[in-house]
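Participant: Quick one: the structure is below, and I'll ask about it shortly.
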Amino acid sequence: MDQLLSILLQNRGGSPAEGSHLQNVSDEHQRTVYKALAATSTYVLASPTSSNDDPLSLLDPRTNTLAFAMILTARIKHSPSSSLLLAHALTFAQRFDPRQLVVAPQELPAVGEAIILCADAARCRRAAVRPLQLICLRLNATPVSGNTVGMSAVDLDEYAFNVIAGNVSQSGVHLTPLHVQFLKVCLLAKNYKIARTVLDVPITDFASPVAPIAAVQDFLLYHYYGGLVHIGNKRFQAAQQFFEICLNAPSTVPSAIQIESYKRLVLVSLLLKGEMTALPKSVAPIVLRSCRSQAAAYLEFASAFASLSHTRAAAKAQQFAERFHADKTLGLVQQCLADIVRRKIQQLTSTYLTLSLGDIARSVGLVDASVPIEVAEAEAEAHVLQMIESGRVLATISHADGGMVSFHDVAESFDSLATTEKLERELASAAAADLDARDLDRKISLSREYLQRITQDKSKAASSTLDDDQV
């Protein structure tokens, strides 16, 4: 280890980046470092120095990113239960330079897996959330050829907030295995809100030179996990979009991930539109057929939901309860049942200006022989309050009048400063998305793979025409 550290700590080539106090480490030096690290056994990488010093305490991840990553991974695999290694992982996430990992793109995903292993060994899944979040934010905020690696963790959080708010235009964000790992950890830890800092930054590229995705499975998992996170945050429109992207992935054989996405897409569509929306025509027919056959229970439930009959929908939910429980979608199904009541309440607003809670409970079917009127009124009030909070209705409840609900027209005139600012942000976001799409189209049209495919297709077409002429 002492000899390896001497190689790592020796003067490196490169010159300071313009406008930055950091040193750009040359690719030649990084390759030399990687060869030395790759030739070193895992046992040596996990060992202290001859003076019993911790190598990770001697290395700065900003200038020794590759070495820090490989030593950290080896240490965690050797002793995953060490809480000190989680502190080292957080230090790495706060200071690492993505550009130094280009020579060994497999190492950053290995770091992510090691961090998760360490958190699991400590029986604290939440411990992996923050390091993985910072790694993803730094990857999003740091172009490989840029000079923004000097950002602190606080600066990165602020930068991500500005990107999400539309105050900063960000392009060239790559999907990496770290994004998938981070979303999975957030789901297991039930920490949905923190995932938004990464999830709300649009992915525009997949060929990351730092940590490229290994297979289409990473693409599918990212959008499947992302849809689940959006459900956890009650952002059903975004969840629907992510599930549709997952289903739209070109495929000759349906994936289990796509089937699970379809099941949840059915339920999310019910919450959004009250019915199962038509899928885009770009979904592969074989995928669509397989999804429909595997999700027959969900389609039957959707048919019952569309009738707005709570009794019928509840019967279907009871009939397929075991299936929904096994698929871990029972919570969404219960939300759909509650939404039937709210939709029926919303229908009442087009007919009545004032109704008592008892009348509402009777109109939407909350009252029966087994439910006392007081309980039904309390449930109706809870539904109305939830609808007021979510903005679905504008109403007031007066208990002084015996529980009377007054429905009001929408007061928004759409001429406020806040509305204008929101419109400007949306227009700027749409313009930025258009520029990104044009840039991506240009890159694809100039790529070697695309040109080869076009040439092959033209050759096949010409050959087919020639054969027809000969016949």
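Note on naming: chains are A, B, ... as they come in the structure tokens, residues start from 1 per chain, ligands start from 1 in the order shown.
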Excluding Tyr224 (chain A) and any residue of its chain fewer than 3 positions from it, enumerate the residues within 8 Å of it, using only C-alpha atoms, and give them as a PDB file with N, CA and C atoms, in the first residue's frame.
Facilitator:
ATOM      1  N   LEU A 220     -35.153   0.884 -18.402  1.00  0.00           N
ATOM      2  CA  LEU A 220     -36.486   0.488 -17.959  1.00  0.00           C
ATOM      3  C   LEU A 220     -36.652   0.692 -16.460  1.00  0.00           C
ATOM      4  N   LEU A 221     -35.629   0.288 -15.700  1.00  0.00           N
ATOM      5  CA  LEU A 221     -35.717   0.414 -14.238  1.00  0.00           C
ATOM      6  C   LEU A 221     -35.768   1.873 -13.809  1.00  0.00           C
ATOM      7  N   GLY A 227     -41.421   6.283 -11.835  1.00  0.00           N
ATOM      8  CA  GLY A 227     -42.875   6.310 -11.745  1.00  0.00           C
ATOM      9  C   GLY A 227     -43.361   5.994 -10.342  1.00  0.00           C
ATOM     10  N   LEU A 228     -42.714   5.031  -9.678  1.00  0.00           N
ATOM     11  CA  LEU A 228     -43.086   4.686  -8.306  1.00  0.00           C
ATOM     12  C   LEU A 228     -42.803   5.845  -7.349  1.00  0.00           C
ATOM     13  N   PHE A 242     -43.685   8.578 -16.964  1.00  0.00           N
ATOM     14  CA  PHE A 242     -42.560   7.667 -16.794  1.00  0.00           C
ATOM     15  C   PHE A 242     -42.940   6.235 -17.163  1.00  0.00           C
ATOM     16  N   PHE A 243     -44.116   5.796 -16.780  1.00  0.00           N
ATOM     17  CA  PHE A 243     -44.549   4.436 -17.131  1.00  0.00           C
ATOM     18  C   PHE A 243     -44.737   4.293 -18.637  1.00  0.00           C
ATOM     19  N   CYS A 246     -41.412   3.865 -20.258  1.00  0.00           N
ATOM     20  CA  CYS A 246     -40.941   2.493 -20.041  1.00  0.00           C
ATOM     21  C   CYS A 246     -41.579   1.541 -21.042  1.00  0.00           C
ATOM     22  N   ILE A 257     -40.462  -5.784 -16.283  1.00  0.00           N
ATOM     23  CA  ILE A 257     -40.512  -4.394 -15.822  1.00  0.00           C
ATOM     24  C   ILE A 257     -41.608  -3.636 -16.553  1.00  0.00           C
ATOM     25  N   GLN A 258     -41.755  -3.883 -17.856  1.00  0.00           N
ATOM     26  CA  GLN A 258     -42.794  -3.217 -18.629  1.00  0.00           C
ATOM     27  C   GLN A 258     -44.187  -3.677 -18.192  1.00  0.00           C
ATOM     28  N   SER A 261     -44.989  -1.959 -15.035  1.00  0.00           N
ATOM     29  CA  SER A 261     -45.282  -0.552 -15.330  1.00  0.00           C
ATOM     30  C   SER A 261     -46.697  -0.397 -15.866  1.00  0.00           C
TER      31      SER A 261
END
Participant: Just the residues within 10 Å of region 207-213 of chain A, please, counting only C-alpha atoms, with nothing from its chain fewer than 4 positions along; format it as an MDAnalysis selection string.
Facilitator: chainID A and resid 98:110 139 144 172:180 217:219
Participant: Could you dump the residues just selected with N, CA and C atoms as a CSV table (one decimal), in the first residue's frame?
Facilitator:
chain,number,residue,atom,x,y,z
A,98,PRO,N,-15.8,13.8,-11.6
A,98,PRO,CA,-16.2,12.8,-12.6
A,98,PRO,C,-15.3,12.6,-13.8
A,99,ARG,N,-14.5,13.7,-14.1
A,99,ARG,CA,-13.7,13.6,-15.3
A,99,ARG,C,-12.6,12.5,-15.1
A,100,GLN,N,-12.2,12.3,-13.9
A,100,GLN,CA,-11.1,11.3,-13.7
A,100,GLN,C,-11.5,9.9,-13.8
A,101,LEU,N,-12.8,9.7,-13.9
A,101,LEU,CA,-13.3,8.3,-14.0
A,101,LEU,C,-13.6,7.8,-15.4
A,102,VAL,N,-13.3,8.7,-16.4
A,102,VAL,CA,-13.5,8.3,-17.8
A,102,VAL,C,-12.7,7.1,-18.2
A,103,VAL,N,-11.5,6.9,-17.6
A,103,VAL,CA,-10.6,5.8,-18.0
A,103,VAL,C,-11.1,4.5,-17.4
A,104,ALA,N,-12.0,4.5,-16.4
A,104,ALA,CA,-12.5,3.3,-15.8
A,104,ALA,C,-13.9,3.5,-15.4
A,105,PRO,N,-14.8,3.5,-16.4
A,105,PRO,CA,-16.2,3.9,-16.2
A,105,PRO,C,-17.0,2.8,-15.4
A,106,GLN,N,-16.4,1.7,-15.1
A,106,GLN,CA,-17.1,0.7,-14.3
A,106,GLN,C,-17.0,0.9,-12.8
A,107,GLU,N,-16.1,1.8,-12.5
A,107,GLU,CA,-15.8,2.0,-11.0
A,107,GLU,C,-16.8,2.8,-10.3
A,108,LEU,N,-17.5,3.8,-10.9
A,108,LEU,CA,-18.5,4.5,-10.2
A,108,LEU,C,-19.7,3.7,-9.8
A,109,PRO,N,-20.2,2.9,-10.8
A,109,PRO,CA,-21.3,2.0,-10.4
A,109,PRO,C,-20.9,1.0,-9.2
A,110,ALA,N,-19.7,0.6,-9.2
A,110,ALA,CA,-19.2,-0.3,-8.2
A,110,ALA,C,-19.2,0.5,-6.8
A,139,LEU,N,-23.0,14.4,-11.0
A,139,LEU,CA,-23.0,14.0,-12.4
A,139,LEU,C,-23.9,14.8,-13.2
A,144,VAL,N,-18.5,16.6,-18.3
A,144,VAL,CA,-17.1,16.0,-18.2
A,144,VAL,C,-16.0,16.9,-18.6
A,172,GLY,N,-27.5,18.1,-21.6
A,172,GLY,CA,-26.4,17.1,-21.6
A,172,GLY,C,-26.4,16.2,-20.4
A,173,VAL,N,-27.5,16.0,-19.7
A,173,VAL,CA,-27.5,15.1,-18.5
A,173,VAL,C,-27.6,13.7,-18.9
A,174,HIS,N,-26.7,12.8,-18.5
A,174,HIS,CA,-26.7,11.4,-18.9
A,174,HIS,C,-27.3,10.5,-17.8
A,175,LEU,N,-28.0,9.5,-18.3
A,175,LEU,CA,-28.5,8.5,-17.4
A,175,LEU,C,-27.4,7.5,-17.1
A,176,THR,N,-27.2,7.2,-15.8
A,176,THR,CA,-26.2,6.3,-15.4
A,176,THR,C,-26.8,5.3,-14.4
A,177,PRO,N,-26.0,4.2,-14.2
A,177,PRO,CA,-26.5,3.2,-13.2
A,177,PRO,C,-26.7,3.8,-11.8
A,178,LEU,N,-26.0,4.9,-11.5
A,178,LEU,CA,-26.1,5.5,-10.2
A,178,LEU,C,-27.5,6.1,-10.0
A,179,HIS,N,-28.1,6.6,-11.1
A,179,HIS,CA,-29.5,7.1,-11.0
A,179,HIS,C,-30.4,6.0,-10.6
A,180,VAL,N,-30.2,4.9,-11.2
A,180,VAL,CA,-31.1,3.7,-10.9
A,180,VAL,C,-30.9,3.3,-9.4
A,217,GLN,N,-32.0,-2.6,-19.5
A,217,GLN,CA,-32.7,-2.8,-18.2
A,217,GLN,C,-32.5,-1.6,-17.3
A,218,ASP,N,-31.4,-0.9,-17.4
A,218,ASP,CA,-31.2,0.3,-16.6
A,218,ASP,C,-32.2,1.4,-17.0
A,219,PHE,N,-32.4,1.5,-18.3
A,219,PHE,CA,-33.4,2.5,-18.8
A,219,PHE,C,-34.8,2.2,-18.3
Participant: Would you please extract all helix (DSSP H, G or I) residues from region 226-259 of chain A, as assigned by DSSP on the backbone, and give them as JSON, numbers by chain?
Facilitator: {"A": [226, 227, 228, 229, 230, 231, 232, 236, 237, 238, 239, 240, 241, 242, 243, 244, 245, 246, 247, 248, 256, 257, 258, 259]}
Participant: Can I get the residues of region 59-148 of chain A within 7 Å of region 34-50 of chain A, each with the closest pair of atoms and their distance in Å to one decimal, using only C-alpha atoms, sorted chain first then ascending number, as JSON lines?
Facilitator:
{"residue": "A:Ile71", "atom": "CA", "partner": "A:Leu45", "partner_atom": "CA", "distance": 5.3}
{"residue": "A:Ala74", "atom": "CA", "partner": "A:Ala46", "partner_atom": "CA", "distance": 5.3}
{"residue": "A:Arg75", "atom": "CA", "partner": "A:Ala46", "partner_atom": "CA", "distance": 4.5}
{"residue": "A:His78", "atom": "CA", "partner": "A:Ala46", "partner_atom": "CA", "distance": 6.6}
Participant: Next, dump the selected residues to file, keeping only all heavy atoms, as a compact mmCIF listing (two decimals), in the first residue's frame.
Facilitator:
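The resulting file, selection_4.txt, is shown below:
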# COMPACT_ATOMS: atom_id res chain seq x y z
N ILE A 71 -10.30 2.13 -3.75
CA ILE A 71 -9.95 1.74 -2.38
C ILE A 71 -11.19 1.68 -1.50
O ILE A 71 -11.35 0.76 -0.68
CB ILE A 71 -8.90 2.72 -1.79
CG1 ILE A 71 -7.57 2.60 -2.56
CG2 ILE A 71 -8.68 2.47 -0.31
CD1 ILE A 71 -6.53 3.61 -2.14
N ALA A 74 -13.05 -1.53 -2.30
CA ALA A 74 -12.37 -2.70 -1.72
C ALA A 74 -12.55 -2.75 -0.21
O ALA A 74 -12.76 -3.83 0.37
CB ALA A 74 -10.89 -2.64 -2.08
N ARG A 75 -12.47 -1.60 0.44
CA ARG A 75 -12.62 -1.56 1.90
C ARG A 75 -14.02 -2.01 2.33
O ARG A 75 -14.18 -2.76 3.30
CB ARG A 75 -12.35 -0.15 2.40
CG ARG A 75 -10.89 0.28 2.35
CD ARG A 75 -10.11 -0.18 3.58
NE ARG A 75 -10.67 0.37 4.81
CZ ARG A 75 -10.40 1.60 5.26
NH1 ARG A 75 -9.59 2.41 4.58
NH2 ARG A 75 -10.93 2.01 6.40
N HIS A 78 -14.51 -5.67 1.97
CA HIS A 78 -13.74 -6.40 2.98
C HIS A 78 -14.38 -6.29 4.35
O HIS A 78 -14.40 -7.25 5.13
CB HIS A 78 -12.31 -5.88 3.02
CG HIS A 78 -11.42 -6.63 3.95
ND1 HIS A 78 -11.18 -6.23 5.25
CD2 HIS A 78 -10.71 -7.79 3.79
CE1 HIS A 78 -10.36 -7.08 5.84
NE2 HIS A 78 -10.06 -8.04 4.97
Participant: Within 10 Å of region 282-292 of chain A, counting only C-alpha atoms, which residues qualify if same-chain residues fewer than 4 places away don't, as a PyMOL selection string?
Facilitator: chain A and resi 244-256+258-263+296-299
Participant: When distances are computed from only C-alpha atoms, which of A:Leu355, A:Val371, A:Ala195, A:Ala361 shows the smallest separation from Ser398 (chain A)?
Facilitator: A:Leu355
Participant: Quick one: everything within 8 Å of Cys336 (chain A), counting only C-alpha atoms, minus sequence neighbours fewer than 6 positions away in the same chain. Send it as number ranges by chain.
Facilitator: A: 267, 270-271, 305
